[in-house]
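Structure file start.pdb (PDB, C-alpha atoms) follows.
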```
MODEL        1
ATOM      1  CA  MET A1485     124.963 -52.645-179.126
ATOM      2  CA  THR A1486     126.320 -56.156-178.661
ATOM      3  CA  ALA A1487     124.133 -59.221-178.881
ATOM      4  CA  ARG A1488     124.558 -59.781-175.137
ATOM      5  CA  ALA A1489     123.505 -56.216-174.349
ATOM      6  CA  ALA A1490     120.433 -56.686-176.543
ATOM      7  CA  TYR A1491     119.699 -59.981-174.780
ATOM      8  CA  GLN A1492     119.865 -58.264-171.388
ATOM      9  CA  GLU A1493     117.154 -55.854-172.551
ATOM     10  CA  VAL A1494     115.029 -58.749-173.805
ATOM     11  CA  ALA A1495     115.502 -60.746-170.611
ATOM     12  CA  ARG A1496     114.026 -57.934-168.494
ATOM     13  CA  ASP A1497     110.582 -59.024-169.746
ATOM     14  CA  GLU A1498     111.100 -62.747-169.218
ATOM     15  CA  ALA A1499     108.207 -62.972-166.739
ATOM     16  CA  PHE A1500     105.890 -61.423-169.320
ATOM     17  CA  TYR A1501     106.948 -63.942-171.986
ATOM     18  CA  ARG A1502     106.428 -66.806-169.567
ATOM     19  CA  ASN A1503     102.929 -65.648-168.600
ATOM     20  CA  SER A1504     101.802 -64.727-172.112
ATOM     21  CA  GLY A1505     103.420 -67.540-174.085
ATOM     22  CA  GLY A1506     105.342 -64.965-176.126
ATOM     23  CA  GLY A1507     109.029 -64.377-176.691
ATOM     24  CA  LEU A1508     111.536 -62.558-178.856
ATOM     25  CA  THR A1509     110.676 -61.593-182.443
ATOM     26  CA  VAL A1510     113.657 -60.329-184.443
ATOM     27  CA  SER A1511     112.469 -57.953-187.137
ATOM     28  CA  GLY A1512     113.913 -54.933-188.881
ATOM     29  CA  GLY A1513     114.743 -53.790-191.468
ATOM     30  CA  GLU A1514     115.753 -57.285-192.496
ATOM     31  CA  PRO A1515     117.328 -59.396-189.729
ATOM     32  CA  THR A1516     119.026 -61.803-192.147
ATOM     33  CA  MET A1517     121.296 -58.908-193.159
ATOM     34  CA  GLN A1518     122.975 -59.238-189.741
ATOM     35  CA  PRO A1519     123.021 -63.022-189.279
ATOM     36  CA  GLY A1520     125.903 -63.122-186.814
ATOM     37  CA  PHE A1521     124.349 -60.670-184.375
ATOM     38  CA  VAL A1522     120.870 -62.180-184.700
ATOM     39  CA  ALA A1523     122.135 -65.754-184.310
ATOM     40  CA  GLU A1524     123.986 -64.868-181.103
ATOM     41  CA  LEU A1525     120.965 -63.008-179.713
ATOM     42  CA  MET A1526     118.667 -65.930-180.481
ATOM     43  CA  ARG A1527     121.143 -68.409-179.019
ATOM     44  CA  LEU A1528     121.285 -66.503-175.739
ATOM     45  CA  CYS A1529     117.493 -66.370-175.569
ATOM     46  CA  ARG A1530     117.062 -70.053-176.289
ATOM     47  CA  GLU A1531     119.612 -70.960-173.610
ATOM     48  CA  GLU A1532     117.331 -69.233-171.097
ATOM     49  CA  GLY A1533     114.136 -70.758-172.475
ATOM     50  CA  ILE A1534     112.861 -67.614-174.238
ATOM     51  CA  PRO A1535     111.063 -68.576-177.489
ATOM     52  CA  THR A1536     112.321 -66.923-180.670
ATOM     53  CA  ALA A1537     110.709 -65.860-183.949
ATOM     54  CA  LEU A1538     112.261 -64.572-187.173
ATOM     55  CA  ASP A1539     110.415 -61.850-189.127
ATOM     56  CA  THR A1540     111.720 -61.745-192.707
ATOM     57  CA  CYS A1541     110.748 -60.395-196.115
ATOM     58  CA  GLY A1542     112.227 -63.555-197.610
ATOM     59  CA  TYR A1543     114.700 -61.748-199.853
ATOM     60  CA  CYS A1544     117.894 -63.038-198.315
ATOM     61  CA  ALA A1545     120.842 -65.354-198.731
ATOM     62  CA  GLY A1546     119.934 -69.006-198.253
ATOM     63  CA  ASP A1547     122.805 -69.765-195.869
ATOM     64  CA  ALA A1548     121.915 -66.825-193.599
ATOM     65  CA  LEU A1549     118.262 -67.878-193.546
ATOM     66  CA  GLU A1550     119.056 -71.492-192.720
ATOM     67  CA  ARG A1551     121.399 -70.425-189.933
ATOM     68  CA  LEU A1552     118.705 -68.321-188.296
ATOM     69  CA  LEU A1553     115.919 -70.834-188.904
ATOM     70  CA  GLY A1554     117.924 -73.312-186.870
ATOM     71  CA  LEU A1555     117.543 -70.950-183.898
ATOM     72  CA  SER A1556     113.918 -69.926-184.514
ATOM     73  CA  ASP A1557     110.783 -71.467-183.075
ATOM     74  CA  MET A1558     108.619 -69.878-185.768
ATOM     75  CA  VAL A1559     108.860 -67.551-188.771
ATOM     76  CA  LEU A1560     106.881 -64.610-190.122
ATOM     77  CA  ILE A1561     107.289 -64.062-193.872
ATOM     78  CA  ASP A1562     105.791 -61.620-196.359
ATOM     79  CA  LEU A1563     104.238 -62.819-199.599
ATOM     80  CA  LYS A1564     103.139 -59.747-201.533
ATOM     81  CA  VAL A1565     102.760 -60.430-205.248
ATOM     82  CA  MET A1566     102.934 -63.690-207.186
ATOM     83  CA  ASP A1567     103.641 -62.253-210.631
ATOM     84  CA  GLU A1568     107.417 -62.072-211.195
ATOM     85  CA  ALA A1569     107.437 -58.903-213.298
ATOM     86  CA  ARG A1570     104.986 -57.104-211.002
ATOM     87  CA  HIS A1571     106.939 -58.174-207.909
ATOM     88  CA  ARG A1572     110.146 -56.749-209.323
ATOM     89  CA  GLU A1573     108.348 -53.538-210.339
ATOM     90  CA  LEU A1574     106.846 -53.002-206.872
ATOM     91  CA  THR A1575     109.670 -54.233-204.633
ATOM     92  CA  GLY A1576     112.765 -53.948-206.822
ATOM     93  CA  VAL A1577     113.798 -57.562-206.167
ATOM     94  CA  ALA A1578     113.184 -61.001-207.651
ATOM     95  CA  LEU A1579     110.213 -63.072-206.546
ATOM     96  CA  ASP A1580     112.100 -66.355-206.987
ATOM     97  CA  THR A1581     114.351 -65.596-204.019
ATOM     98  CA  VAL A1582     111.362 -64.955-201.756
ATOM     99  CA  LEU A1583     109.621 -68.152-202.851
ATOM    100  CA  ALA A1584     112.833 -70.123-202.325
ATOM    101  CA  SER A1585     112.941 -68.793-198.756
ATOM    102  CA  ALA A1586     109.341 -69.835-198.176
ATOM    103  CA  ARG A1587     110.150 -73.332-199.404
ATOM    104  CA  THR A1588     113.202 -73.515-197.122
ATOM    105  CA  ILE A1589     111.059 -72.555-194.141
ATOM    106  CA  ALA A1590     108.677 -75.396-194.968
ATOM    107  CA  GLU A1591     111.479 -77.889-195.632
ATOM    108  CA  MET A1592     112.977 -77.137-192.214
ATOM    109  CA  GLY A1593     109.597 -77.729-190.605
ATOM    110  CA  LYS A1594     109.244 -74.271-189.098
ATOM    111  CA  PRO A1595     105.724 -73.045-188.235
ATOM    112  CA  ALA A1596     105.058 -69.964-190.346
ATOM    113  CA  TRP A1597     102.790 -66.937-190.365
ATOM    114  CA  VAL A1598     102.357 -65.357-193.779
ATOM    115  CA  ARG A1599     101.561 -61.638-194.153
ATOM    116  CA  THR A1600     100.266 -59.839-197.222
ATOM    117  CA  PRO A1601      99.905 -56.043-197.306
ATOM    118  CA  VAL A1602      96.712 -55.273-199.226
ATOM    119  CA  ILE A1603      97.566 -52.160-201.246
ATOM    120  CA  PRO A1604      95.125 -50.666-203.779
ATOM    121  CA  GLY A1605      96.177 -51.261-207.356
ATOM    122  CA  CYS A1606      99.193 -53.282-206.262
ATOM    123  CA  THR A1607      98.335 -56.399-204.263
ATOM    124  CA  ASP A1608      94.567 -56.171-203.741
ATOM    125  CA  SER A1609      93.237 -58.291-206.616
ATOM    126  CA  GLU A1610      91.476 -61.551-205.908
ATOM    127  CA  GLU A1611      93.697 -63.146-208.580
ATOM    128  CA  ASN A1612      96.824 -62.224-206.623
ATOM    129  CA  VAL A1613      95.439 -63.469-203.315
ATOM    130  CA  ALA A1614      94.258 -66.680-205.001
ATOM    131  CA  ALA A1615      97.770 -67.209-206.408
ATOM    132  CA  ILE A1616      99.324 -66.736-202.964
ATOM    133  CA  ALA A1617      96.756 -69.138-201.498
ATOM    134  CA  ASP A1618      97.673 -71.742-204.113
ATOM    135  CA  PHE A1619     101.377 -71.385-203.311
ATOM    136  CA  ILE A1620     100.774 -71.724-199.566
ATOM    137  CA  LYS A1621      98.585 -74.776-200.122
ATOM    138  CA  ARG A1622     101.132 -76.490-202.387
ATOM    139  CA  GLU A1623     104.461 -75.363-200.946
ATOM    140  CA  MET A1624     104.002 -74.321-197.319
ATOM    141  CA  PRO A1625     102.483 -77.160-195.285
ATOM    142  CA  THR A1626     103.858 -75.587-192.081
ATOM    143  CA  ALA A1627     101.898 -72.334-192.585
ATOM    144  CA  ARG A1628      99.690 -71.824-189.536
ATOM    145  CA  ARG A1629      98.272 -68.361-190.151
ATOM    146  CA  TRP A1630      97.874 -65.814-192.949
ATOM    147  CA  ASP A1631      97.317 -62.119-192.179
ATOM    148  CA  LEU A1632      95.925 -59.726-194.779
ATOM    149  CA  LEU A1633      96.942 -56.205-193.736
ATOM    150  CA  ALA A1634      94.773 -53.432-195.130
ATOM    151  CA  PHE A1635      96.471 -50.393-196.692
ATOM    152  CA  ASN A1636      97.166 -47.522-194.283
ATOM    153  CA  ASN A1637      97.270 -44.011-195.785
ATOM    154  CA  THR A1638      98.291 -42.137-192.621
ATOM    155  CA  CYS A1639     101.994 -42.003-193.550
ATOM    156  CA  GLY A1640     101.499 -39.302-196.208
ATOM    157  CA  SER A1641     102.376 -36.526-193.770
ATOM    158  CA  LYS A1642     105.741 -38.173-193.045
ATOM    159  CA  TYR A1643     106.653 -38.088-196.729
ATOM    160  CA  ALA A1644     105.616 -34.431-196.864
ATOM    161  CA  ARG A1645     107.814 -33.501-193.881
ATOM    162  CA  LEU A1646     110.751 -35.200-195.588
ATOM    163  CA  GLY A1647     110.071 -33.377-198.845
ATOM    164  CA  MET A1648     109.425 -36.667-200.624
ATOM    165  CA  SER A1649     106.664 -37.625-203.021
ATOM    166  CA  TRP A1650     104.489 -40.663-202.260
ATOM    167  CA  GLU A1651     103.087 -42.628-205.155
ATOM    168  CA  LEU A1652     100.008 -43.644-203.155
ATOM    169  CA  GLU A1653      99.112 -40.111-202.069
ATOM    170  CA  GLY A1654      95.335 -39.845-202.211
ATOM    171  CA  ALA A1655      94.785 -43.574-202.660
ATOM    172  CA  PRO A1656      91.576 -44.654-200.917
ATOM    173  CA  LEU A1657      91.356 -47.086-198.046
ATOM    174  CA  ILE A1658      90.304 -50.611-198.944
ATOM    175  CA  GLU A1659      86.584 -51.220-198.465
ATOM    176  CA  LYS A1660      85.559 -53.641-195.743
ATOM    177  CA  GLU A1661      83.594 -55.772-198.193
ATOM    178  CA  HIS A1662      86.675 -56.134-200.393
ATOM    179  CA  MET A1663      88.836 -57.220-197.457
ATOM    180  CA  GLU A1664      86.226 -59.787-196.495
ATOM    181  CA  ALA A1665      86.132 -61.110-200.066
ATOM    182  CA  LEU A1666      89.923 -61.409-200.136
ATOM    183  CA  ALA A1667      89.875 -63.205-196.776
ATOM    184  CA  ALA A1668      87.319 -65.659-198.164
ATOM    185  CA  THR A1669      89.599 -66.316-201.143
ATOM    186  CA  ALA A1670      92.600 -66.724-198.830
ATOM    187  CA  GLY A1671      90.671 -69.341-196.871
ATOM    188  CA  SER A1672      91.367 -71.876-199.597
ATOM    189  CA  ALA A1673      95.014 -71.998-198.446
ATOM    190  CA  GLY A1674      93.965 -74.231-195.575
ATOM    191  CA  CYS A1675      95.471 -72.142-192.778
ATOM    192  CA  GLU A1676      93.949 -69.700-190.304
ATOM    193  CA  VAL A1677      93.183 -66.403-192.073
ATOM    194  CA  HIS A1678      92.829 -62.964-190.457
ATOM    195  CA  TRP A1679      92.503 -59.497-191.885
ATOM    196  CA  ALA A1680      93.194 -56.277-190.035
ATOM    197  CA  GLY A1681      93.457 -52.544-190.576
ATOM    198  CA  VAL A1682      91.316 -49.467-191.075
ATOM    199  CA  THR A1683      88.874 -49.769-193.973
ATOM    200  CA  ALA A1684      86.715 -47.314-195.895
ATOM    201  CA  ARG A1685      83.330 -46.614-194.391
ATOM    202  CA  GLU A1686      80.567 -48.752-195.758
ATOM    203  CA  SER A1687      78.275 -47.074-198.268
ATOM    204  CA  THR A1688      75.113 -45.679-196.675
ATOM    205  CA  GLY A1689      73.236 -45.638-199.933
ATOM    206  CA  ASP A1690      72.649 -41.827-199.702
TER     207      ASP A1690
ENDMDL
END
```

What would the structure in this file look like if it were written as structure tokens?
Amino acid sequence: MTARAAYQEVARDEAFYRNSGGGLTVSGGEPTMQPGFVAELMRLCREEGIPTALDTCGYCAGDALERLLGLSDMVLIDLKVMDEARHRELTGVALDTVLASARTIAEMGKPAWVRTPVIPGCTDSEENVAAIADFIKREMPTARRWDLLAFNNTCGSKYARLGMSWELEGAPLIEKEHMEALAATAGSAGCEVHWAGVTARESTGD
């Protein structure tokens, strides 16, 4: 599909964007891996007054990110783990690149929404959330919102159908009280904090 063909699909909902205040969010995959296509799509949207947002994991080339930020009205970025060794272990890539992207977003003055998947045994410690909060407070003055996304264990059946093992098979849902505690810790970042997702049932005491 060409960028113009993609734009024509987007433009069909222009009335909805106008009435809702929404627009185009380019996600993926990772949209910075196709900067030419994404830049042209965003350019076409902006020419017609359709707001644009970039949804990125932050692990990307700086020149591609800057190119797309210049065409974005806002950015969504993931911050998962603040320990370098643990980040590489869980994601396979360097944390420094992600943090550099977050700083670039702030330096270019782009409003940002941060997302953190809350995964048991991986990202769900208060120490990790506190470290992310400290980074946002110090380095991301344009952060407007931070979403904590509770672990979802419903994908296990997909791994099974594909004949693949899933390291989190059998991992419990996060308890509501724990999500609320993490959200309270995240509040120190100084931006609007939300948490969402299915949580474990509260203990009945039986």

Residues picked by the PyMOL selection byres ((chain A and resi 1546) around 12) here, as a PyMOL selection string? chain A and resi 1516-1517+1519+1542-1545+1547-1553+1581-1589

Residues matched by the PyMOL selection byres ((chain A and resi 1566) around 9) as a list in words: Leu1563, Lys1564, Val1565, Asp1567, Glu1568, Ala1569, Arg1570, His1571, Leu1579, Asn1612, Val1613, Ala1615, Ile1616 and Phe1619 of chain A

Residues selected by the PyMOL selection byres ((chain A and resi 1683) around 6), written as a PyMOL selection string: chain A and resi 1657-1660+1682+1684

Using CA of Trp1597 (chain A) and CA of Ile1561 (chain A) as the two end points, give the distance in Å to one decimal. 6.4 Å

Measure the distance from CA of Pro1595 (chain A) to CA of Ala1670 (chain A) in Å and round it to one decimal.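 Straight-line distance from CA of Pro1595 (chain A) to CA of Ala1670 (chain A) works out to 18.0 Å.
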
Which residue is closest to Arg1488 (chain A)? Choose from A:Glu1524, A:Asp1608, A:Asp1631, A:Glu1531 and count only C-alpha atoms.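 Looking only at the distances to Arg1488 (chain A), the closest residue turns out to be A:Glu1524.
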
For Leu1633 (chain A), the nearest of the candidates A:Asp1562, A:Asp1580, A:Asp1618, A:Glu1610, counting only C-alpha atoms: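 Between A:Asp1562, A:Asp1580, A:Asp1618, A:Glu1610, the residue approaching Leu1633 (chain A) most closely is A:Asp1562.
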
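Shortest separation to Val1522 (chain A) among A:Thr1575, A:Thr1536, A:Thr1669, A:Ser1504 occurs at residue A:Thr1536, atoms counted being all atoms listed in the file.
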
Could you please determine the separation between CA of Thr1509 (chain A) and CA of Leu1525 (chain A) in Å, to one decimal place?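 Taking CA of Thr1509 (chain A) and CA of Leu1525 (chain A), their separation equals 10.7 Å.
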